[in-house]
Amino acid sequence: MDDDGIEEVSSSISARLLRRRSGGGDSTSRWVDGSEVDSESPPWSLVNDDENRSEGHGSIRRRLVKKAKRVDSFDVEAMAISGSHGHHDKEVSIWQTLGLAFQTLGVVYGDMGTSPLYVFTDVFSKVKVESDIDVLGALSLVIYTIALVPLAKYVFIVLKANDNGEGGTFALYSLICRYAKINLLPNRQVADERISSFRLKLPTPELERALKIKEKLEHNSFYKTLLLLLVLMGTSMIIGDGILTPAISVMSAVSGLQGKIEGFGTNALVIVSIVILVGLFGIQRFGTSKVGLTFAPMLGLWFFSLGSIGLYNLIKHDVSVVKAINPVYIYLFFKKNSVKAWSSLGGCVLCITGAEAMFADLGHFTVPSIQIAFSFVVFPCLLLAYMGQAAYLMKHPDSAARIFYDSIPDGLFWPVFVVATIAAVIASQAMISASFSCIKQSMALGCFPRLKIVHTSRKFMGQIYIPVINWFLMIMCVLVVATFQSTTDIANAYGIAEVGVMMVSTTLVTLVMLLIWQTNVYIALCFPLVFGSIELLYMSAVLSKITEGGWLPLAFASFFLCVMYIWNYGSVLKYQSEVRGKISMEFMNDLGSTLGTVRVPGIGLVYNELVHGVPGVLGRFLLELPAIHSTLVFVCIKYVPVPVVNQDERFLFRRICPKDYHMFQCVARYGYKDVRKEDHHAFEQLLVESLEKFMRKEAQELALESEVNDAEFESVSVGVGPRSPRSYSGELSVPLMMEAEGEGEGDLVLPPSVMGDVDDDPSLEYELSALREATESGFTYLLGHGDVRARKDSFFLKKLVINYFYSFLRNNCRGGAATMKVPHMNIIQVGMTYMV
């Protein structure tokens, strides 16, 4: 198809359809450019009508005023929106909070809990232990790194920047997207802002500064793209963690056998580690629905072991290491070792690996539970563990390479080794699951190709398994272990991924502070100034290890960043092309209710991505099919930037063309954490029930509009005397808008007279019976298989990205219909070429 592919298709469809309908003739119908937008303002508003009140006469004190005659707008929703019920609104008792805090040990803190296996080993591979200053300086660095980043930054600040109880990079991005229209896919609707979980609670009135930031973000495409790239980079780093965490954790745990079993060398370490890793990734398909209760006792035992062994070494060897709390030793450490001390920061940063998990895994727990677990269990046990290792090094400075296992008391090696290996596997499991969650969120927001997602739990929505990603992570993880064969080189790579994610979180939380929290500008800037400086210092240290393994996470991040950005870029261009190819309402009206063909019983679900208008794929179906279904529903599956959309807020309907066309537009809204059930029967049943409710509510709106129009021309105040101020005549003996008994003054219900008129409406009963008849005839899924090509006048890079890379991703990802198990006999596909 040439540059004007869409336009030629449109003219061909117009001509052939009109010939099919009228036998020939020219057409003045056109295909619109997508600039028209349906009105979504509420069709009614309440006003007080007290101006004409006179003593002794009744009056309608409240009446409806019609703003626009637009009954078939998206504001007429399929289901009544219930009150606000957020994700974490239920009050949790102290015992439930303590129970959740215990479970966080098995999910959130596995990665950070296993860091004592390798932190000092990596630090002292750069700096030799020559004096007490080396040990005390390194210990002081570790203490203040844990105190400042996980404790001060995450526990007390970042955890509060959650999205209705959800955390992570994409949660922050969706939070910003809700307040400012920065999503590059222009499918946001006013009706989305009335989703209960969409609403934002602002603690202070709007400030001029926040509005300026919002305006800059919304009207500058450079800032939109930059923010998206930042989020994608952070997500890519988390996926990289899913590769590096299992490698370094398992290898560090297994390395304890090197000094215990004679002849257990590097090759044996690599082989055993690979066997454990293959087994770990092999069991992912069984799911981890009870991950918290299953793993928490073992991690609890691990943290108890860390604290106990650390306290034992502290008392036995050198209790004076507690003076490392004095930050002066950090200065002395850098003064003595200079460049080597700066290089050792790459090992020191490993003590906070997994800190991002506190925020990323927030959706399964609560903020207080994570805060309690870290403050009263994780933080004290880690401090004791590092202090104990430092005390042992004061007496045995040559043990730095095997400090963890050498410091274990005699007789406890094998029990601690078993617990350490299990803890390493659990830590790896948590990061693999986090990678799955990040990719699912990316897919929901249109930033990753569609892949098969298996939901492994009926109770926990976040427990998912993505086969393609699982095997990709396994292959990469095995290659990393087999190539590097050393935890030191892997640690150099690991630090870059961890610090990169933290820097992204710091940037996004700062934006949330300025834009949404509307924090004082000086206080808000202190956050990136303090924590951003620390992270930049660590990043400068780990980036110096580019040639020693640091290139690995950058390679992984670059690969995933390219995949995600190309998919998002191509999807946005395709959507814009679909908008330009919409069929105009003028053309639809010219076709008539038969659509220029034969209407047969049944419901046709035309899947498309448009939230407004008739998609161009309908014209292709009308050309190719000898008949079309009696009821047509244009279904748009749209993900909104909220974690969860309640079931009663799922669907939005509007009518397309007059009633005798039997055509509707349906927008099915999902949150980025929602589970899309693959049972197409359940989806069809819910859609039909929602469509029936829409028809009834539409009829109520029409009846109410008719009542209001009549009331505007009739006298309604006929009562005499002060004793009967509310008496009315005729059919208006009941007030038009009744106040429900026992409810607030603003809670209004429809009068029974209107409801009765709706039940007796013959047109409604006819339409409902027609819908039921169509339902009994069955559903057919009408899908357009789109081929996206760059225009001939596009620049070379765009042609390369769209025609080859994006096309390759589209051809090898799952199709839209593949998300539901629809029988092939119920699917009809036609080819479409979109020139972008």
# chains A, B, ... in the order shown; residues from 1 in each chain; ligands from 1
call {"tool": "residues_around", "arguments": {"residues": "Val480 (chain A)", "least_positions_apart": "4", "cutoff": "10 Å", "atoms": "only C-alpha atoms", "output": "list in words"}}
result
Ile243, Leu244, Ala247, Ile248, Ile274, Met474, Ile475, Met476, Phe484, Gln485, Ser486, Asp489, Ile490, Gly549 and Leu552 of chain A
call {"tool": "write_last_selection", "arguments": {"atoms": "N, CA and C atoms", "output": "PDB file, in the first residue's frame"}}
result
ATOM      1  N   ILE A 243      17.992 -10.857  36.847  1.00  0.00           N
ATOM      2  CA  ILE A 243      19.055 -11.731  36.323  1.00  0.00           C
ATOM      3  C   ILE A 243      20.214 -11.835  37.303  1.00  0.00           C
ATOM      4  N   LEU A 244      20.623 -10.705  37.871  1.00  0.00           N
ATOM      5  CA  LEU A 244      21.827 -10.665  38.696  1.00  0.00           C
ATOM      6  C   LEU A 244      21.601 -11.146  40.124  1.00  0.00           C
ATOM      7  N   ALA A 247      21.965 -14.908  40.527  1.00  0.00           N
ATOM      8  CA  ALA A 247      23.352 -15.311  40.283  1.00  0.00           C
ATOM      9  C   ALA A 247      24.242 -15.040  41.484  1.00  0.00           C
ATOM     10  N   ILE A 248      24.216 -13.816  41.999  1.00  0.00           N
ATOM     11  CA  ILE A 248      25.123 -13.470  43.093  1.00  0.00           C
ATOM     12  C   ILE A 248      24.688 -14.096  44.418  1.00  0.00           C
ATOM     13  N   ILE A 274      24.630 -23.450  38.992  1.00  0.00           N
ATOM     14  CA  ILE A 274      23.764 -23.548  37.813  1.00  0.00           C
ATOM     15  C   ILE A 274      22.644 -24.554  38.045  1.00  0.00           C
ATOM     16  N   MET A 474      16.347 -17.199  33.019  1.00  0.00           N
ATOM     17  CA  MET A 474      17.141 -18.371  33.382  1.00  0.00           C
ATOM     18  C   MET A 474      18.382 -18.499  32.491  1.00  0.00           C
ATOM     19  N   ILE A 475      18.183 -18.353  31.174  1.00  0.00           N
ATOM     20  CA  ILE A 475      19.316 -18.471  30.252  1.00  0.00           C
ATOM     21  C   ILE A 475      20.357 -17.399  30.541  1.00  0.00           C
ATOM     22  N   MET A 476      19.903 -16.163  30.736  1.00  0.00           N
ATOM     23  CA  MET A 476      20.837 -15.069  31.025  1.00  0.00           C
ATOM     24  C   MET A 476      21.557 -15.300  32.346  1.00  0.00           C
ATOM     25  N   PHE A 484      31.273 -15.268  34.380  1.00  0.00           N
ATOM     26  CA  PHE A 484      32.040 -14.526  35.377  1.00  0.00           C
ATOM     27  C   PHE A 484      32.718 -15.448  36.393  1.00  0.00           C
ATOM     28  N   GLN A 485      32.021 -16.497  36.832  1.00  0.00           N
ATOM     29  CA  GLN A 485      32.569 -17.502  37.746  1.00  0.00           C
ATOM     30  C   GLN A 485      33.097 -16.893  39.050  1.00  0.00           C
ATOM     31  N   SER A 486      32.672 -15.684  39.366  1.00  0.00           N
ATOM     32  CA  SER A 486      33.141 -15.022  40.585  1.00  0.00           C
ATOM     33  C   SER A 486      32.079 -14.032  41.055  1.00  0.00           C
ATOM     34  N   ASP A 489      32.998 -10.000  40.365  1.00  0.00           N
ATOM     35  CA  ASP A 489      32.642  -9.366  39.094  1.00  0.00           C
ATOM     36  C   ASP A 489      31.135  -9.173  38.963  1.00  0.00           C
ATOM     37  N   ILE A 490      30.369 -10.151  39.449  1.00  0.00           N
ATOM     38  CA  ILE A 490      28.914  -9.998  39.407  1.00  0.00           C
ATOM     39  C   ILE A 490      28.481  -8.850  40.298  1.00  0.00           C
ATOM     40  N   GLY A 549      32.814  -5.887  34.612  1.00  0.00           N
ATOM     41  CA  GLY A 549      31.496  -6.496  34.739  1.00  0.00           C
ATOM     42  C   GLY A 549      30.380  -5.495  34.817  1.00  0.00           C
ATOM     43  N   LEU A 552      27.478  -5.154  32.088  1.00  0.00           N
ATOM     44  CA  LEU A 552      26.397  -6.122  31.936  1.00  0.00           C
ATOM     45  C   LEU A 552      25.014  -5.527  32.192  1.00  0.00           C
TER      46      LEU A 552
END
call {"tool": "closest_residue", "arguments": {"among": "A:Pro327, A:Lys214, A:Met431, A:Asn220", "to": "Val142 (chain A)", "atoms": "only C-alpha atoms"}}
result
A:Pro327
call {"tool": "residues_around", "arguments": {"residues": "Leu217 (chain A)", "least_positions_apart": "6", "cutoff": "12 Å", "atoms": "only C-alpha atoms", "output": "ChimeraX atom specification"}}
result
/A:176-177,179-184,210-211,223-228,511,515
call {"tool": "residues_around", "arguments": {"residues": "region 798-809 of chain A", "least_positions_apart": "6", "cutoff": "10 Å", "atoms": "only C-alpha atoms", "output": "compact mmCIF listing (two decimals) with N, CA, C and O atoms, in the first residue's frame"}}
result
# COMPACT_ATOMS: atom_id res chain seq x y z
N PHE A 448 5.20 -2.59 26.57
CA PHE A 448 5.88 -3.87 26.38
C PHE A 448 5.00 -4.75 25.50
O PHE A 448 3.77 -4.72 25.62
N PRO A 449 5.61 -5.52 24.59
CA PRO A 449 4.81 -6.41 23.73
C PRO A 449 3.97 -7.37 24.56
O PRO A 449 4.37 -7.79 25.65
N ARG A 450 2.81 -7.72 24.05
CA ARG A 450 1.90 -8.63 24.76
C ARG A 450 2.50 -10.03 24.85
O ARG A 450 2.86 -10.63 23.83
N CYS A 562 15.19 -0.37 24.70
CA CYS A 562 14.89 -0.27 23.26
C CYS A 562 13.59 -1.01 22.92
O CYS A 562 12.74 -0.48 22.18
N VAL A 563 13.44 -2.21 23.47
CA VAL A 563 12.21 -2.98 23.20
C VAL A 563 10.98 -2.22 23.67
O VAL A 563 9.98 -2.09 22.95
N TYR A 565 10.60 1.05 24.45
CA TYR A 565 10.34 2.34 23.81
C TYR A 565 9.85 2.14 22.37
O TYR A 565 8.95 2.86 21.91
N ILE A 566 10.43 1.20 21.64
CA ILE A 566 9.97 0.94 20.27
C ILE A 566 8.52 0.50 20.26
O ILE A 566 7.71 0.94 19.42
N TRP A 567 8.15 -0.36 21.22
CA TRP A 567 6.75 -0.81 21.28
C TRP A 567 5.82 0.36 21.58
O TRP A 567 4.77 0.50 20.97
N ASN A 568 6.20 1.19 22.53
CA ASN A 568 5.36 2.34 22.87
C ASN A 568 5.27 3.32 21.70
O ASN A 568 4.18 3.82 21.38
N TYR A 569 6.38 3.57 21.04
CA TYR A 569 6.42 4.50 19.91
C TYR A 569 5.54 4.00 18.77
O TYR A 569 4.72 4.75 18.22
N GLY A 570 5.67 2.73 18.43
CA GLY A 570 4.85 2.17 17.36
C GLY A 570 3.38 2.13 17.72
O GLY A 570 2.51 2.39 16.87
N SER A 571 3.06 1.82 18.98
CA SER A 571 1.66 1.75 19.41
C SER A 571 0.99 3.12 19.34
O SER A 571 -0.17 3.24 18.95
N LEU A 573 1.83 5.64 17.33
CA LEU A 573 1.63 5.98 15.92
C LEU A 573 0.45 5.20 15.33
O LEU A 573 -0.34 5.74 14.54
N ASP A 787 -1.30 -4.23 9.93
CA ASP A 787 0.10 -4.18 9.53
C ASP A 787 0.50 -2.71 9.51
O ASP A 787 -0.11 -1.89 8.81
N VAL A 788 1.51 -2.35 10.29
CA VAL A 788 1.92 -0.95 10.43
C VAL A 788 3.15 -0.72 9.57
O VAL A 788 4.16 -1.43 9.71
N ARG A 789 3.07 0.27 8.69
CA ARG A 789 4.20 0.59 7.81
C ARG A 789 4.45 2.09 7.85
O ARG A 789 3.52 2.89 7.97
N ALA A 790 5.71 2.46 7.79
CA ALA A 790 6.07 3.88 7.75
C ALA A 790 5.82 4.44 6.34
O ALA A 790 5.98 3.75 5.34
N ARG A 791 5.38 5.69 6.28
CA ARG A 791 5.15 6.31 4.99
C ARG A 791 6.47 6.43 4.21
O ARG A 791 7.54 6.49 4.80
N LYS A 792 6.35 6.53 2.90
CA LYS A 792 7.54 6.57 2.06
C LYS A 792 8.38 7.83 2.29
O LYS A 792 9.59 7.84 2.07
N VAL A 836 1.90 5.11 8.88
CA VAL A 836 2.16 6.03 9.99
C VAL A 836 3.33 6.95 9.66
O VAL A 836 4.10 6.70 8.75
call {"tool": "atom_distance", "arguments": {"atom1": "CA of Gly242 (chain A)", "atom2": "CA of Ile453 (chain A)"}}
result
17.2 Å
call {"tool": "closest_residue", "arguments": {"among": "A:Lys574, A:Arg599, A:Arg402, A:Lys673", "to": "Pro116 (chain A)", "atoms": "only C-alpha atoms"}}
result
A:Arg402
call {"tool": "residues_around", "arguments": {"residues": "Asn492 (chain A)", "least_positions_apart": "4", "cutoff": "9 Å", "atoms": "only C-alpha atoms", "output": "list in words"}}
result
Asp122, Gly346, Gly347, Thr487, Thr488, Ile496, Val542, Leu543, Lys545, Ile546, Glu548, Gly549 and Gly550 of chain A
call {"tool": "closest_residue", "arguments": {"among": "A:Ser433, A:Pro380, A:Gln284, A:Leu605", "to": "Pro467 (chain A)", "atoms": "only C-alpha atoms"}}
result
A:Gln284
call {"tool": "residues_around", "arguments": {"residues": "Val667 (chain A)", "least_positions_apart": "6", "cutoff": "6 Å", "atoms": "only C-alpha atoms", "output": "ChimeraX atom specification"}}
result
/A:635-636,651-652
call {"tool": "closest_residue", "arguments": {"among": "A:Phe417, A:Phe653, A:Trp342, A:Phe694", "to": "Tyr538 (chain A)", "atoms": "only C-alpha atoms"}}
result
A:Trp342
call {"tool": "closest_residue", "arguments": {"among": "A:Tyr661, A:Phe531, A:Tyr386, A:Tyr575", "to": "Val149 (chain A)", "atoms": "only C-alpha atoms"}}
result
A:Phe531
call {"tool": "decode", "arguments": {"residues": "region 462-475 of chain A", "atoms": "all heavy atoms", "output": "PDB file, in the first residue's frame"}}
result
ATOM      1  N   GLY A 462      -1.392 -10.459  42.484  1.00  0.00           N
ATOM      2  CA  GLY A 462      -0.069 -10.173  41.962  1.00  0.00           C
ATOM      3  C   GLY A 462       0.771 -11.388  41.663  1.00  0.00           C
ATOM      4  O   GLY A 462       1.887 -11.254  41.146  1.00  0.00           O
ATOM      5  N   GLN A 463       0.290 -12.586  41.981  1.00  0.00           N
ATOM      6  CA  GLN A 463       1.078 -13.794  41.753  1.00  0.00           C
ATOM      7  C   GLN A 463       0.897 -14.252  40.308  1.00  0.00           C
ATOM      8  O   GLN A 463      -0.121 -14.832  39.942  1.00  0.00           O
ATOM      9  CB  GLN A 463       0.644 -14.903  42.720  1.00  0.00           C
ATOM     10  CG  GLN A 463       0.830 -14.554  44.186  1.00  0.00           C
ATOM     11  CD  GLN A 463       2.286 -14.318  44.530  1.00  0.00           C
ATOM     12  OE1 GLN A 463       3.181 -14.923  43.942  1.00  0.00           O
ATOM     13  NE2 GLN A 463       2.535 -13.443  45.481  1.00  0.00           N
ATOM     14  N   ILE A 464       1.896 -13.943  39.475  1.00  0.00           N
ATOM     15  CA  ILE A 464       1.805 -14.262  38.051  1.00  0.00           C
ATOM     16  C   ILE A 464       3.084 -14.962  37.601  1.00  0.00           C
ATOM     17  O   ILE A 464       4.090 -14.977  38.307  1.00  0.00           O
ATOM     18  CB  ILE A 464       1.584 -12.994  37.204  1.00  0.00           C
ATOM     19  CG1 ILE A 464       2.749 -12.019  37.406  1.00  0.00           C
ATOM     20  CG2 ILE A 464       0.259 -12.342  37.530  1.00  0.00           C
ATOM     21  CD1 ILE A 464       2.691 -10.804  36.508  1.00  0.00           C
ATOM     22  N   TYR A 465       2.988 -15.531  36.421  1.00  0.00           N
ATOM     23  CA  TYR A 465       4.122 -16.240  35.819  1.00  0.00           C
ATOM     24  C   TYR A 465       4.105 -15.962  34.322  1.00  0.00           C
ATOM     25  O   TYR A 465       3.079 -16.121  33.652  1.00  0.00           O
ATOM     26  CB  TYR A 465       3.997 -17.749  36.097  1.00  0.00           C
ATOM     27  CG  TYR A 465       4.916 -18.628  35.278  1.00  0.00           C
ATOM     28  CD1 TYR A 465       6.293 -18.567  35.445  1.00  0.00           C
ATOM     29  CD2 TYR A 465       4.401 -19.521  34.343  1.00  0.00           C
ATOM     30  CE1 TYR A 465       7.145 -19.379  34.692  1.00  0.00           C
ATOM     31  CE2 TYR A 465       5.234 -20.344  33.596  1.00  0.00           C
ATOM     32  CZ  TYR A 465       6.608 -20.260  33.773  1.00  0.00           C
ATOM     33  OH  TYR A 465       7.453 -21.058  33.037  1.00  0.00           O
ATOM     34  N   ILE A 466       5.234 -15.483  33.785  1.00  0.00           N
ATOM     35  CA  ILE A 466       5.352 -15.181  32.361  1.00  0.00           C
ATOM     36  C   ILE A 466       6.389 -16.135  31.779  1.00  0.00           C
ATOM     37  O   ILE A 466       7.601 -15.950  32.000  1.00  0.00           O
ATOM     38  CB  ILE A 466       5.766 -13.713  32.135  1.00  0.00           C
ATOM     39  CG1 ILE A 466       4.797 -12.776  32.858  1.00  0.00           C
ATOM     40  CG2 ILE A 466       5.811 -13.388  30.652  1.00  0.00           C
ATOM     41  CD1 ILE A 466       5.139 -11.304  32.716  1.00  0.00           C
ATOM     42  N   PRO A 467       5.975 -17.175  31.086  1.00  0.00           N
ATOM     43  CA  PRO A 467       6.915 -18.216  30.627  1.00  0.00           C
ATOM     44  C   PRO A 467       8.093 -17.686  29.821  1.00  0.00           C
ATOM     45  O   PRO A 467       9.241 -18.054  30.071  1.00  0.00           O
ATOM     46  CB  PRO A 467       6.023 -19.140  29.785  1.00  0.00           C
ATOM     47  CG  PRO A 467       4.636 -18.914  30.293  1.00  0.00           C
ATOM     48  CD  PRO A 467       4.582 -17.487  30.699  1.00  0.00           C
ATOM     49  N   VAL A 468       7.843 -16.818  28.832  1.00  0.00           N
ATOM     50  CA  VAL A 468       8.927 -16.336  27.970  1.00  0.00           C
ATOM     51  C   VAL A 468       9.980 -15.604  28.794  1.00  0.00           C
ATOM     52  O   VAL A 468      11.192 -15.831  28.643  1.00  0.00           O
ATOM     53  CB  VAL A 468       8.362 -15.416  26.868  1.00  0.00           C
ATOM     54  CG1 VAL A 468       9.496 -14.783  26.065  1.00  0.00           C
ATOM     55  CG2 VAL A 468       7.443 -16.195  25.942  1.00  0.00           C
ATOM     56  N   ILE A 469       9.547 -14.739  29.681  1.00  0.00           N
ATOM     57  CA  ILE A 469      10.482 -13.976  30.510  1.00  0.00           C
ATOM     58  C   ILE A 469      11.202 -14.897  31.482  1.00  0.00           C
ATOM     59  O   ILE A 469      12.410 -14.724  31.752  1.00  0.00           O
ATOM     60  CB  ILE A 469       9.734 -12.862  31.265  1.00  0.00           C
ATOM     61  CG1 ILE A 469       9.094 -11.886  30.274  1.00  0.00           C
ATOM     62  CG2 ILE A 469      10.665 -12.118  32.212  1.00  0.00           C
ATOM     63  CD1 ILE A 469      10.095 -11.194  29.359  1.00  0.00           C
ATOM     64  N   ASN A 470      10.508 -15.899  32.010  1.00  0.00           N
ATOM     65  CA  ASN A 470      11.134 -16.815  32.955  1.00  0.00           C
ATOM     66  C   ASN A 470      12.313 -17.548  32.318  1.00  0.00           C
ATOM     67  O   ASN A 470      13.414 -17.607  32.889  1.00  0.00           O
ATOM     68  CB  ASN A 470      10.094 -17.820  33.453  1.00  0.00           C
ATOM     69  CG  ASN A 470      10.659 -18.782  34.472  1.00  0.00           C
ATOM     70  OD1 ASN A 470      10.967 -18.420  35.595  1.00  0.00           O
ATOM     71  ND2 ASN A 470      10.817 -20.043  34.072  1.00  0.00           N
ATOM     72  N   TRP A 471      12.098 -18.084  31.120  1.00  0.00           N
ATOM     73  CA  TRP A 471      13.181 -18.828  30.470  1.00  0.00           C
ATOM     74  C   TRP A 471      14.277 -17.902  29.979  1.00  0.00           C
ATOM     75  O   TRP A 471      15.463 -18.266  29.961  1.00  0.00           O
ATOM     76  CB  TRP A 471      12.616 -19.666  29.325  1.00  0.00           C
ATOM     77  CG  TRP A 471      11.563 -20.623  29.776  1.00  0.00           C
ATOM     78  CD1 TRP A 471      10.288 -20.739  29.305  1.00  0.00           C
ATOM     79  CD2 TRP A 471      11.678 -21.597  30.821  1.00  0.00           C
ATOM     80  NE1 TRP A 471       9.605 -21.705  29.986  1.00  0.00           N
ATOM     81  CE2 TRP A 471      10.432 -22.255  30.928  1.00  0.00           C
ATOM     82  CE3 TRP A 471      12.702 -21.963  31.694  1.00  0.00           C
ATOM     83  CZ2 TRP A 471      10.191 -23.256  31.845  1.00  0.00           C
ATOM     84  CZ3 TRP A 471      12.457 -22.964  32.632  1.00  0.00           C
ATOM     85  CH2 TRP A 471      11.227 -23.598  32.701  1.00  0.00           C
ATOM     86  N   PHE A 472      13.909 -16.688  29.584  1.00  0.00           N
ATOM     87  CA  PHE A 472      14.936 -15.716  29.199  1.00  0.00           C
ATOM     88  C   PHE A 472      15.821 -15.364  30.403  1.00  0.00           C
ATOM     89  O   PHE A 472      17.056 -15.334  30.283  1.00  0.00           O
ATOM     90  CB  PHE A 472      14.272 -14.452  28.655  1.00  0.00           C
ATOM     91  CG  PHE A 472      15.248 -13.345  28.341  1.00  0.00           C
ATOM     92  CD1 PHE A 472      15.959 -13.335  27.156  1.00  0.00           C
ATOM     93  CD2 PHE A 472      15.461 -12.305  29.244  1.00  0.00           C
ATOM     94  CE1 PHE A 472      16.864 -12.325  26.869  1.00  0.00           C
ATOM     95  CE2 PHE A 472      16.370 -11.291  28.974  1.00  0.00           C
ATOM     96  CZ  PHE A 472      17.070 -11.302  27.781  1.00  0.00           C
ATOM     97  N   LEU A 473      15.194 -15.105  31.564  1.00  0.00           N
ATOM     98  CA  LEU A 473      15.967 -14.801  32.768  1.00  0.00           C
ATOM     99  C   LEU A 473      16.866 -15.979  33.153  1.00  0.00           C
ATOM    100  O   LEU A 473      18.014 -15.787  33.568  1.00  0.00           O
ATOM    101  CB  LEU A 473      15.031 -14.459  33.922  1.00  0.00           C
ATOM    102  CG  LEU A 473      14.209 -13.163  33.803  1.00  0.00           C
ATOM    103  CD1 LEU A 473      13.319 -12.995  35.032  1.00  0.00           C
ATOM    104  CD2 LEU A 473      15.113 -11.955  33.630  1.00  0.00           C
ATOM    105  N   MET A 474      16.347 -17.199  33.019  1.00  0.00           N
ATOM    106  CA  MET A 474      17.141 -18.371  33.382  1.00  0.00           C
ATOM    107  C   MET A 474      18.382 -18.499  32.491  1.00  0.00           C
ATOM    108  O   MET A 474      19.497 -18.718  32.987  1.00  0.00           O
ATOM    109  CB  MET A 474      16.292 -19.641  33.266  1.00  0.00           C
ATOM    110  CG  MET A 474      17.006 -20.892  33.768  1.00  0.00           C
ATOM    111  SD  MET A 474      16.199 -22.424  33.286  1.00  0.00           S
ATOM    112  CE  MET A 474      16.665 -22.507  31.563  1.00  0.00           C
ATOM    113  N   ILE A 475      18.183 -18.353  31.174  1.00  0.00           N
ATOM    114  CA  ILE A 475      19.316 -18.471  30.252  1.00  0.00           C
ATOM    115  C   ILE A 475      20.357 -17.399  30.541  1.00  0.00           C
ATOM    116  O   ILE A 475      21.567 -17.675  30.601  1.00  0.00           O
ATOM    117  CB  ILE A 475      18.822 -18.388  28.794  1.00  0.00           C
ATOM    118  CG1 ILE A 475      17.945 -19.610  28.466  1.00  0.00           C
ATOM    119  CG2 ILE A 475      19.995 -18.296  27.831  1.00  0.00           C
ATOM    120  CD1 ILE A 475      17.250 -19.514  27.130  1.00  0.00           C
TER     121      ILE A 475
END
